[in-house]
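Engineer: protein.txt is reproduced below (compact mmCIF, N, CA and C atoms).
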```txt
# COMPACT_ATOMS: atom_id res chain seq x y z
N MET A 1 -17.53 45.82 312.69
CA MET A 1 -18.55 45.11 313.45
C MET A 1 -19.40 44.29 312.49
N ILE A 2 -19.62 43.03 312.82
CA ILE A 2 -20.43 42.14 311.99
C ILE A 2 -21.88 42.24 312.45
N MET A 3 -22.77 42.47 311.48
CA MET A 3 -24.20 42.56 311.78
C MET A 3 -24.80 41.15 311.83
N PRO A 4 -25.69 40.88 312.76
CA PRO A 4 -26.30 39.56 312.84
C PRO A 4 -27.38 39.31 311.79
N PHE A 5 -27.66 40.32 311.00
CA PHE A 5 -28.62 40.13 309.92
C PHE A 5 -28.22 41.05 308.78
N GLU A 6 -28.79 40.77 307.59
CA GLU A 6 -28.53 41.61 306.43
C GLU A 6 -29.70 41.52 305.46
N TYR A 7 -29.72 42.43 304.52
CA TYR A 7 -30.74 42.44 303.49
C TYR A 7 -30.10 42.10 302.16
N LEU A 8 -30.71 41.20 301.43
CA LEU A 8 -30.20 40.78 300.14
C LEU A 8 -31.21 41.11 299.06
N ASP A 9 -30.72 41.46 297.89
CA ASP A 9 -31.62 41.65 296.76
C ASP A 9 -32.28 40.31 296.44
N HIS A 10 -33.56 40.38 296.16
CA HIS A 10 -34.32 39.17 295.88
C HIS A 10 -35.11 39.39 294.61
N THR A 11 -34.79 38.64 293.57
CA THR A 11 -35.47 38.86 292.29
C THR A 11 -36.39 37.71 291.91
N ALA A 12 -36.79 36.91 292.88
CA ALA A 12 -37.61 35.74 292.59
C ALA A 12 -39.10 36.02 292.73
N ASP A 13 -39.48 37.28 292.70
CA ASP A 13 -40.89 37.64 292.80
C ASP A 13 -41.27 38.60 291.69
N VAL A 14 -42.53 38.53 291.29
CA VAL A 14 -43.07 39.46 290.30
C VAL A 14 -44.42 39.94 290.82
N CYS A 15 -44.63 41.25 290.80
CA CYS A 15 -45.94 41.80 291.13
C CYS A 15 -46.73 41.89 289.84
N LEU A 16 -47.88 41.23 289.80
CA LEU A 16 -48.72 41.30 288.61
C LEU A 16 -49.98 42.09 288.93
N ARG A 17 -50.53 42.73 287.92
CA ARG A 17 -51.73 43.56 288.10
C ARG A 17 -52.66 43.35 286.91
N GLY A 18 -53.92 43.08 287.23
CA GLY A 18 -54.96 43.01 286.22
C GLY A 18 -55.90 44.18 286.43
N THR A 19 -56.35 44.79 285.34
CA THR A 19 -57.29 45.90 285.44
C THR A 19 -58.48 45.65 284.54
N GLY A 20 -59.59 46.29 284.86
CA GLY A 20 -60.78 46.16 284.05
C GLY A 20 -61.87 47.10 284.52
N GLU A 21 -62.92 47.19 283.73
CA GLU A 21 -64.06 48.04 284.09
C GLU A 21 -64.88 47.43 285.22
N THR A 22 -64.74 46.11 285.43
CA THR A 22 -65.43 45.41 286.52
C THR A 22 -64.39 44.62 287.32
N VAL A 23 -64.76 44.21 288.51
CA VAL A 23 -63.85 43.40 289.31
C VAL A 23 -63.61 42.06 288.61
N GLU A 24 -64.63 41.55 287.94
CA GLU A 24 -64.47 40.29 287.20
C GLU A 24 -63.44 40.42 286.10
N GLU A 25 -63.48 41.53 285.35
CA GLU A 25 -62.49 41.75 284.29
C GLU A 25 -61.09 41.85 284.89
N ALA A 26 -60.96 42.52 286.02
CA ALA A 26 -59.64 42.65 286.66
C ALA A 26 -59.12 41.28 287.09
N PHE A 27 -59.98 40.42 287.64
CA PHE A 27 -59.57 39.07 288.03
C PHE A 27 -59.14 38.27 286.80
N CYS A 28 -59.87 38.39 285.70
CA CYS A 28 -59.51 37.68 284.47
C CYS A 28 -58.17 38.16 283.93
N GLU A 29 -57.95 39.45 283.96
CA GLU A 29 -56.68 39.99 283.48
C GLU A 29 -55.53 39.61 284.40
N ALA A 30 -55.77 39.50 285.69
CA ALA A 30 -54.73 39.02 286.60
C ALA A 30 -54.37 37.57 286.26
N ALA A 31 -55.37 36.77 285.94
CA ALA A 31 -55.12 35.38 285.55
C ALA A 31 -54.33 35.33 284.24
N ARG A 32 -54.68 36.20 283.30
CA ARG A 32 -53.91 36.26 282.04
C ARG A 32 -52.47 36.66 282.32
N ALA A 33 -52.28 37.62 283.20
CA ALA A 33 -50.93 38.04 283.57
C ALA A 33 -50.14 36.87 284.19
N LEU A 34 -50.81 36.09 285.03
CA LEU A 34 -50.18 34.94 285.66
C LEU A 34 -49.69 33.95 284.61
N PHE A 35 -50.57 33.57 283.69
CA PHE A 35 -50.19 32.57 282.69
C PHE A 35 -49.24 33.14 281.65
N ASN A 36 -49.31 34.44 281.39
CA ASN A 36 -48.38 35.05 280.44
C ASN A 36 -46.95 35.03 280.98
N LEU A 37 -46.78 34.99 282.30
CA LEU A 37 -45.43 34.82 282.86
C LEU A 37 -44.85 33.46 282.49
N MET A 38 -45.72 32.47 282.33
CA MET A 38 -45.28 31.10 282.10
C MET A 38 -45.16 30.70 280.64
N ILE A 39 -46.01 31.30 279.81
CA ILE A 39 -46.09 30.86 278.42
C ILE A 39 -46.63 32.00 277.56
N ASP A 40 -46.29 32.01 276.29
CA ASP A 40 -46.79 33.03 275.37
C ASP A 40 -48.28 32.76 275.11
N LEU A 41 -49.14 33.61 275.64
CA LEU A 41 -50.59 33.39 275.55
C LEU A 41 -51.11 33.36 274.12
N GLU A 42 -50.45 34.07 273.23
CA GLU A 42 -50.90 34.11 271.83
C GLU A 42 -50.84 32.73 271.17
N GLN A 43 -50.03 31.84 271.73
CA GLN A 43 -49.87 30.50 271.15
C GLN A 43 -50.79 29.45 271.79
N VAL A 44 -51.55 29.85 272.82
CA VAL A 44 -52.38 28.90 273.55
C VAL A 44 -53.84 28.99 273.07
N ALA A 45 -54.30 27.93 272.45
CA ALA A 45 -55.68 27.89 271.94
C ALA A 45 -56.65 27.49 273.04
N PRO A 46 -57.84 28.09 273.07
CA PRO A 46 -58.84 27.76 274.11
C PRO A 46 -59.61 26.48 273.76
N LYS A 47 -58.92 25.34 273.77
CA LYS A 47 -59.50 24.06 273.34
C LYS A 47 -60.28 23.34 274.43
N ARG A 48 -59.79 23.40 275.67
CA ARG A 48 -60.43 22.70 276.79
C ARG A 48 -60.69 23.68 277.91
N SER A 49 -61.68 23.37 278.73
CA SER A 49 -62.01 24.29 279.82
C SER A 49 -61.79 23.64 281.18
N GLN A 50 -61.60 24.52 282.16
CA GLN A 50 -61.45 24.11 283.56
C GLN A 50 -62.31 25.03 284.40
N ARG A 51 -63.26 24.44 285.15
CA ARG A 51 -64.15 25.23 286.00
C ARG A 51 -63.59 25.32 287.42
N VAL A 52 -63.89 26.46 288.07
CA VAL A 52 -63.42 26.71 289.42
C VAL A 52 -64.55 27.35 290.22
N SER A 53 -64.73 26.90 291.45
CA SER A 53 -65.71 27.49 292.36
C SER A 53 -65.00 27.75 293.68
N LEU A 54 -65.02 29.02 294.12
CA LEU A 54 -64.25 29.43 295.29
C LEU A 54 -65.04 30.35 296.20
N PHE A 55 -64.57 30.45 297.45
CA PHE A 55 -65.14 31.36 298.42
C PHE A 55 -64.01 31.99 299.23
N ALA A 56 -64.18 33.26 299.59
CA ALA A 56 -63.26 33.92 300.52
C ALA A 56 -64.02 35.04 301.22
N GLU A 57 -63.55 35.40 302.40
CA GLU A 57 -64.22 36.44 303.18
C GLU A 57 -64.03 37.83 302.60
N ARG A 58 -62.89 38.04 301.90
CA ARG A 58 -62.61 39.36 301.32
C ARG A 58 -62.18 39.20 299.87
N LEU A 59 -62.37 40.26 299.09
CA LEU A 59 -61.99 40.22 297.67
C LEU A 59 -60.50 39.94 297.49
N GLU A 60 -59.66 40.55 298.32
CA GLU A 60 -58.22 40.33 298.21
C GLU A 60 -57.88 38.84 298.38
N LEU A 61 -58.49 38.22 299.35
CA LEU A 61 -58.25 36.80 299.59
C LEU A 61 -58.81 35.95 298.46
N LEU A 62 -59.90 36.40 297.87
CA LEU A 62 -60.48 35.69 296.73
C LEU A 62 -59.53 35.71 295.54
N LEU A 63 -58.83 36.82 295.34
CA LEU A 63 -57.85 36.89 294.26
C LEU A 63 -56.75 35.86 294.45
N VAL A 64 -56.23 35.75 295.67
CA VAL A 64 -55.19 34.76 295.95
C VAL A 64 -55.73 33.35 295.73
N GLU A 65 -56.94 33.09 296.20
CA GLU A 65 -57.56 31.77 296.01
C GLU A 65 -57.72 31.44 294.52
N TRP A 66 -58.18 32.42 293.75
CA TRP A 66 -58.41 32.26 292.31
C TRP A 66 -57.11 31.91 291.59
N LEU A 67 -56.10 32.72 291.76
CA LEU A 67 -54.84 32.49 291.06
C LEU A 67 -54.16 31.21 291.55
N SER A 68 -54.23 30.94 292.85
CA SER A 68 -53.63 29.72 293.40
C SER A 68 -54.32 28.48 292.84
N GLU A 69 -55.64 28.51 292.77
CA GLU A 69 -56.38 27.36 292.24
C GLU A 69 -56.05 27.14 290.77
N LEU A 70 -55.88 28.22 290.01
CA LEU A 70 -55.51 28.07 288.61
C LEU A 70 -54.14 27.40 288.47
N LEU A 71 -53.20 27.75 289.35
CA LEU A 71 -51.89 27.10 289.33
C LEU A 71 -52.00 25.61 289.68
N VAL A 72 -52.81 25.30 290.69
CA VAL A 72 -53.02 23.90 291.07
C VAL A 72 -53.61 23.12 289.91
N GLN A 73 -54.63 23.69 289.27
CA GLN A 73 -55.27 23.01 288.16
C GLN A 73 -54.31 22.81 286.98
N LYS A 74 -53.44 23.78 286.76
CA LYS A 74 -52.42 23.63 285.70
C LYS A 74 -51.53 22.44 286.01
N ASP A 75 -51.12 22.33 287.27
CA ASP A 75 -50.25 21.23 287.67
C ASP A 75 -50.97 19.88 287.58
N LEU A 76 -52.24 19.85 287.93
CA LEU A 76 -53.01 18.60 287.92
C LEU A 76 -53.41 18.15 286.52
N THR A 77 -53.81 19.10 285.69
CA THR A 77 -54.35 18.76 284.37
C THR A 77 -53.37 18.97 283.23
N GLY A 78 -52.33 19.78 283.47
CA GLY A 78 -51.39 20.11 282.40
C GLY A 78 -51.89 21.19 281.47
N LEU A 79 -53.05 21.79 281.78
CA LEU A 79 -53.62 22.83 280.93
C LEU A 79 -52.98 24.18 281.20
N PHE A 80 -52.51 24.82 280.15
CA PHE A 80 -52.09 26.22 280.22
C PHE A 80 -53.27 27.03 279.69
N LEU A 81 -53.76 27.95 280.48
CA LEU A 81 -54.99 28.68 280.16
C LEU A 81 -54.67 30.04 279.58
N SER A 82 -55.51 30.46 278.63
CA SER A 82 -55.28 31.76 277.98
C SER A 82 -56.51 32.65 277.98
N ARG A 83 -57.67 32.09 278.28
CA ARG A 83 -58.92 32.87 278.30
C ARG A 83 -59.68 32.53 279.57
N PHE A 84 -60.31 33.55 280.16
CA PHE A 84 -60.96 33.36 281.46
C PHE A 84 -62.30 34.08 281.52
N HIS A 85 -63.17 33.56 282.37
CA HIS A 85 -64.44 34.23 282.68
C HIS A 85 -64.72 33.95 284.15
N VAL A 86 -65.12 34.99 284.89
CA VAL A 86 -65.51 34.79 286.28
C VAL A 86 -66.79 35.56 286.58
N ASP A 87 -67.52 35.04 287.54
CA ASP A 87 -68.69 35.71 288.10
C ASP A 87 -68.45 35.78 289.61
N ILE A 88 -68.43 36.99 290.15
CA ILE A 88 -68.18 37.18 291.58
C ILE A 88 -69.44 37.75 292.21
N ARG A 89 -69.90 37.10 293.27
CA ARG A 89 -71.08 37.54 294.00
C ARG A 89 -70.73 37.74 295.46
N GLN A 90 -71.25 38.81 296.04
CA GLN A 90 -71.05 39.04 297.46
C GLN A 90 -72.25 38.52 298.22
N GLY A 91 -71.97 37.73 299.25
CA GLY A 91 -73.01 37.22 300.13
C GLY A 91 -72.77 37.74 301.53
N LYS A 92 -73.62 37.34 302.46
CA LYS A 92 -73.46 37.83 303.83
C LYS A 92 -72.21 37.29 304.51
N ASP A 93 -71.68 36.17 303.98
CA ASP A 93 -70.50 35.56 304.60
C ASP A 93 -69.20 35.85 303.84
N GLY A 94 -69.28 36.55 302.72
CA GLY A 94 -68.08 36.84 301.94
C GLY A 94 -68.36 36.86 300.45
N PHE A 95 -67.36 36.47 299.68
CA PHE A 95 -67.43 36.54 298.23
C PHE A 95 -67.31 35.15 297.61
N HIS A 96 -68.16 34.90 296.62
CA HIS A 96 -68.18 33.63 295.91
C HIS A 96 -67.75 33.88 294.47
N LEU A 97 -66.88 33.03 293.96
CA LEU A 97 -66.42 33.14 292.59
C LEU A 97 -66.73 31.85 291.85
N GLU A 98 -67.39 31.98 290.73
CA GLU A 98 -67.57 30.88 289.79
C GLU A 98 -66.78 31.28 288.56
N GLY A 99 -65.80 30.47 288.19
CA GLY A 99 -64.95 30.85 287.08
C GLY A 99 -64.66 29.69 286.15
N GLU A 100 -64.13 30.07 285.00
CA GLU A 100 -63.76 29.08 284.01
C GLU A 100 -62.57 29.62 283.22
N GLY A 101 -61.66 28.72 282.92
CA GLY A 101 -60.52 29.07 282.08
C GLY A 101 -60.46 28.11 280.91
N TRP A 102 -59.98 28.60 279.78
CA TRP A 102 -59.85 27.78 278.58
C TRP A 102 -58.40 27.78 278.13
N GLY A 103 -57.95 26.64 277.68
CA GLY A 103 -56.58 26.53 277.21
C GLY A 103 -56.32 25.17 276.62
N GLU A 104 -55.04 24.78 276.68
CA GLU A 104 -54.65 23.48 276.12
C GLU A 104 -53.38 23.00 276.83
N PRO A 105 -53.11 21.68 276.71
CA PRO A 105 -51.87 21.16 277.30
C PRO A 105 -50.66 21.73 276.57
N LEU A 106 -49.55 21.71 277.26
CA LEU A 106 -48.29 22.18 276.70
C LEU A 106 -47.93 21.35 275.46
N ASP A 107 -47.58 22.05 274.39
CA ASP A 107 -47.12 21.43 273.14
C ASP A 107 -45.78 22.09 272.81
N PRO A 108 -44.66 21.46 273.25
CA PRO A 108 -43.34 22.10 273.11
C PRO A 108 -43.00 22.63 271.72
N PRO A 109 -43.39 21.99 270.63
CA PRO A 109 -43.05 22.58 269.33
C PRO A 109 -43.75 23.94 269.06
N ARG A 110 -44.92 24.14 269.68
CA ARG A 110 -45.67 25.39 269.46
C ARG A 110 -45.57 26.38 270.59
N HIS A 111 -45.40 25.91 271.82
CA HIS A 111 -45.43 26.78 272.99
C HIS A 111 -44.03 27.09 273.50
N ARG A 112 -43.77 28.36 273.66
CA ARG A 112 -42.49 28.79 274.24
C ARG A 112 -42.70 28.99 275.74
N VAL A 113 -42.12 28.11 276.54
CA VAL A 113 -42.23 28.20 277.99
C VAL A 113 -41.29 29.31 278.47
N LYS A 114 -41.78 30.14 279.39
CA LYS A 114 -41.00 31.26 279.91
C LYS A 114 -40.50 30.95 281.32
N LEU A 115 -41.31 31.21 282.33
CA LEU A 115 -40.93 31.05 283.73
C LEU A 115 -41.84 30.04 284.41
N GLU A 116 -41.36 29.50 285.52
CA GLU A 116 -42.21 28.67 286.37
C GLU A 116 -42.69 29.53 287.53
N VAL A 117 -43.99 29.62 287.69
CA VAL A 117 -44.55 30.32 288.85
C VAL A 117 -44.78 29.28 289.93
N LYS A 118 -44.14 29.50 291.08
CA LYS A 118 -44.21 28.53 292.18
C LYS A 118 -45.43 28.74 293.06
N GLY A 119 -45.86 29.99 293.20
CA GLY A 119 -47.00 30.24 294.06
C GLY A 119 -47.42 31.69 294.07
N VAL A 120 -48.61 31.91 294.61
CA VAL A 120 -49.18 33.24 294.75
C VAL A 120 -49.02 33.64 296.21
N THR A 121 -48.58 34.88 296.45
CA THR A 121 -48.34 35.33 297.81
C THR A 121 -49.36 36.40 298.22
N TYR A 122 -49.34 36.73 299.48
CA TYR A 122 -50.19 37.80 300.00
C TYR A 122 -49.48 39.15 299.93
N SER A 123 -48.26 39.14 299.49
CA SER A 123 -47.47 40.36 299.38
C SER A 123 -48.02 41.23 298.25
N GLY A 124 -48.11 42.52 298.49
CA GLY A 124 -48.59 43.44 297.46
C GLY A 124 -50.04 43.23 297.08
N LEU A 125 -50.76 42.49 297.90
CA LEU A 125 -52.15 42.15 297.61
C LEU A 125 -53.04 43.39 297.67
N HIS A 126 -53.77 43.60 296.57
CA HIS A 126 -54.59 44.81 296.48
C HIS A 126 -55.71 44.58 295.46
N VAL A 127 -56.95 44.73 295.89
CA VAL A 127 -58.10 44.72 295.00
C VAL A 127 -58.93 45.93 295.36
N ALA A 128 -59.10 46.84 294.40
CA ALA A 128 -59.81 48.08 294.70
C ALA A 128 -60.36 48.70 293.42
N HIS A 129 -61.34 49.53 293.62
CA HIS A 129 -61.94 50.32 292.55
C HIS A 129 -61.31 51.70 292.60
N LYS A 130 -60.67 52.12 291.51
CA LYS A 130 -60.01 53.42 291.46
C LYS A 130 -60.55 54.17 290.24
N GLY A 131 -61.36 55.18 290.50
CA GLY A 131 -62.01 55.88 289.40
C GLY A 131 -62.96 54.94 288.68
N LYS A 132 -62.76 54.75 287.39
CA LYS A 132 -63.61 53.85 286.61
C LYS A 132 -62.98 52.47 286.41
N ILE A 133 -61.84 52.24 287.04
CA ILE A 133 -61.08 51.01 286.82
C ILE A 133 -60.97 50.20 288.11
N TRP A 134 -61.13 48.89 287.97
CA TRP A 134 -60.84 47.95 289.05
C TRP A 134 -59.41 47.46 288.89
N ILE A 135 -58.71 47.31 290.01
CA ILE A 135 -57.34 46.81 290.04
C ILE A 135 -57.31 45.55 290.89
N ALA A 136 -56.66 44.51 290.38
CA ALA A 136 -56.45 43.27 291.13
C ALA A 136 -54.97 42.92 290.99
N GLN A 137 -54.23 43.00 292.10
CA GLN A 137 -52.79 42.74 292.00
C GLN A 137 -52.28 41.96 293.19
N CYS A 138 -51.18 41.26 292.96
CA CYS A 138 -50.48 40.51 294.00
C CYS A 138 -49.10 40.15 293.49
N VAL A 139 -48.30 39.61 294.39
CA VAL A 139 -46.95 39.18 294.05
C VAL A 139 -46.97 37.65 293.90
N VAL A 140 -46.29 37.16 292.86
CA VAL A 140 -46.15 35.73 292.67
C VAL A 140 -44.68 35.36 292.80
N ASP A 141 -44.44 34.17 293.31
CA ASP A 141 -43.09 33.66 293.51
C ASP A 141 -42.69 32.88 292.27
N ILE A 142 -41.56 33.29 291.67
CA ILE A 142 -41.09 32.58 290.47
C ILE A 142 -39.77 31.87 290.75
```
In structure tokens, what does this structure look like?
Structural biologist:
Amino acid sequence: MIMPFEYLDHTADVCLRGTGETVEEAFCEAARALFNLMIDLEQVAPKRSQRVSLFAERLELLLVEWLSELLVQKDLTGLFLSRFHVDIRQGKDGFHLEGEGWGEPLDPPRHRVKLEVKGVTYSGLHVAHKGKIWIAQCVVDI
């Protein structure tokens, strides 16, 4: 009997997780994890900065907005970022993020490109405080 559907192994996704003592640290580490998929962070100097201002109703959605905006900015400016700082504030309407990333344009002789990240998904999305550690994770499409 032929089944009208099937399940196939799919290896085009990676679940990344950032952790820290604060939610801001976890968001920064998630951003580092994102860019480390694409390029060796040790080779990226923090020469230029890119500022980001975002809003979302929930922290989980803010994580997706943060990482997605960083990908957009990479595509627009050519900057690969290796260092991050964010300030997250909760208001009556949701969460506001003011962030900045530092990096430099791709320099093929110095930078080893790894993977292309196509987008940030809502799959595996999780932002929570567990014990003394904050966790910020999601799945990215590669």
Engineer: Do you have, as JSON lines, the list of residues of region 23-137 of chain A lying at most 7 Å from region 15-18 of chain A, each with its nearest atom pair and that distance in Å to one decimal, counting only C-alpha atoms and ordered by chain then number?
Structural biologist:
```
{"residue": "A:Ala26", "atom": "CA", "partner": "A:Gly18", "partner_atom": "CA", "distance": 4.7}
{"residue": "A:Phe27", "atom": "CA", "partner": "A:Gly18", "partner_atom": "CA", "distance": 6.3}
{"residue": "A:Glu29", "atom": "CA", "partner": "A:Gly18", "partner_atom": "CA", "distance": 4.4}
{"residue": "A:Ala30", "atom": "CA", "partner": "A:Gly18", "partner_atom": "CA", "distance": 4.0}
{"residue": "A:Ala33", "atom": "CA", "partner": "A:Leu16", "partner_atom": "CA", "distance": 6.4}
{"residue": "A:Ile135", "atom": "CA", "partner": "A:Gly18", "partner_atom": "CA", "distance": 5.9}
{"residue": "A:Ala136", "atom": "CA", "partner": "A:Gly18", "partner_atom": "CA", "distance": 5.1}
{"residue": "A:Gln137", "atom": "CA", "partner": "A:Arg17", "partner_atom": "CA", "distance": 4.1}
```
Engineer: Which residue, A:Tyr122, A:Phe55, A:Trp102, A:Phe95, has the smallest gap to Asp13 (chain A) when you use only C-alpha atoms?
Structural biologist: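 For Asp13 (chain A), the nearest of the candidates is A:Tyr122.
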Engineer: So that I can check the surroundings of region 108-112 of chain A, please list as a ChimeraX atom specification every protein, DNA and RNA residue that reaches within 9 Å of it, counting only C-alpha atoms and ignoring chain neighbours fewer than 2 positions away.
Structural biologist: /A:38-41,43-44,106,114
Engineer: Considering all atoms listed in the file, give me a table of residues in region 98-137 of chain A that are at most 7 Å from region 73-89 of chain A, with the closest atom pair and distance in Å for each, as a tab-separated table.
Structural biologist:
```
residue	atom	partner	partner_atom	distance
A:Glu98	C	A:Asp87	N	4.0
A:Gly99	CA	A:Val86	CA	4.1
A:Glu100	N	A:His85	C	4.0
A:Gly101	CA	A:Arg83	C	4.4
A:Trp102	N	A:Arg83	C	3.9
A:Gly103	CA	A:Leu81	CA	4.0
A:Glu104	C	A:Phe80	N	3.9
A:Pro105	CA	A:Gly78	C	4.2
A:Leu106	N	A:Gly78	C	4.8
```
Engineer: What are the DSSP alpha helix (DSSP H) residues of region 15-54 of chain A, as a list in words?
Structural biologist: Val23, Glu24, Glu25, Ala26, Phe27, Cys28, Glu29, Ala30, Ala31, Arg32, Ala33, Leu34, Phe35, Asn36, Leu37 and Met38 of chain A
Engineer: Run DSSP on the backbone and grab whatever in chain A lands in strand (DSSP E); send it over as an MDAnalysis selection string.
Structural biologist: chainID A and resid 13:20 48:56 79:91 94:105 119:120 126:130 133:141
Engineer: For a test of reading the model, state the distance in Å between CA of Leu34 (chain A) and CA of Gln90 (chain A), rounded to one decimal.
Structural biologist: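 So the two atoms, CA of Leu34 (chain A) and CA of Gln90 (chain A), lie 24.3 Å apart.
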Engineer: Mind giving me the straight-line distance from CA of Val140 (chain A) to CA of Val113 (chain A) in Å, one decimal?
Structural biologist: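 Between CA of Val140 (chain A) and CA of Val113 (chain A) the gap works out to 17.0 Å.
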Engineer: Go through A:Val14, A:Ala128, A:Leu97, A:Leu71 one by one, measure the shortest atom-to-atom distance of each to Ala56 (chain A) using all atoms listed in the file, and give the residue with the smallest value.
Structural biologist: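 For Ala56 (chain A), the nearest of the candidates is A:Leu97.
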Engineer: Just the number, please: distance in Å from CA of Gly20 (chain A) to CA of His129 (chain A), one decimal.
Structural biologist: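 The value is 9.5 Å.
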Engineer: Between A:Arg32, A:Lys118, A:His96, A:Arg48, which is the closest to Leu62 (chain A) once you count only N, CA and C atoms?
Structural biologist: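 Nearest candidate to Leu62 (chain A) out of A:Arg32, A:Lys118, A:His96, A:Arg48: A:His96.
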Engineer: So that I can check the surroundings of Glu60 (chain A), please list as a VMD selection string every protein, DNA and RNA residue that reaches within 6.5 Å of it, counting all atoms listed in the file and ignoring chain neighbours fewer than 3 positions away.
Structural biologist: chain A and resid 63 to 65 125 to 127
Engineer: Choose the residue, out of A:Pro46, A:Gly94, A:Gly124, A:Gly119, that has the smallest atom-to-atom separation from Ser68 (chain A); count only N, CA and C atoms.
Structural biologist: A:Gly119
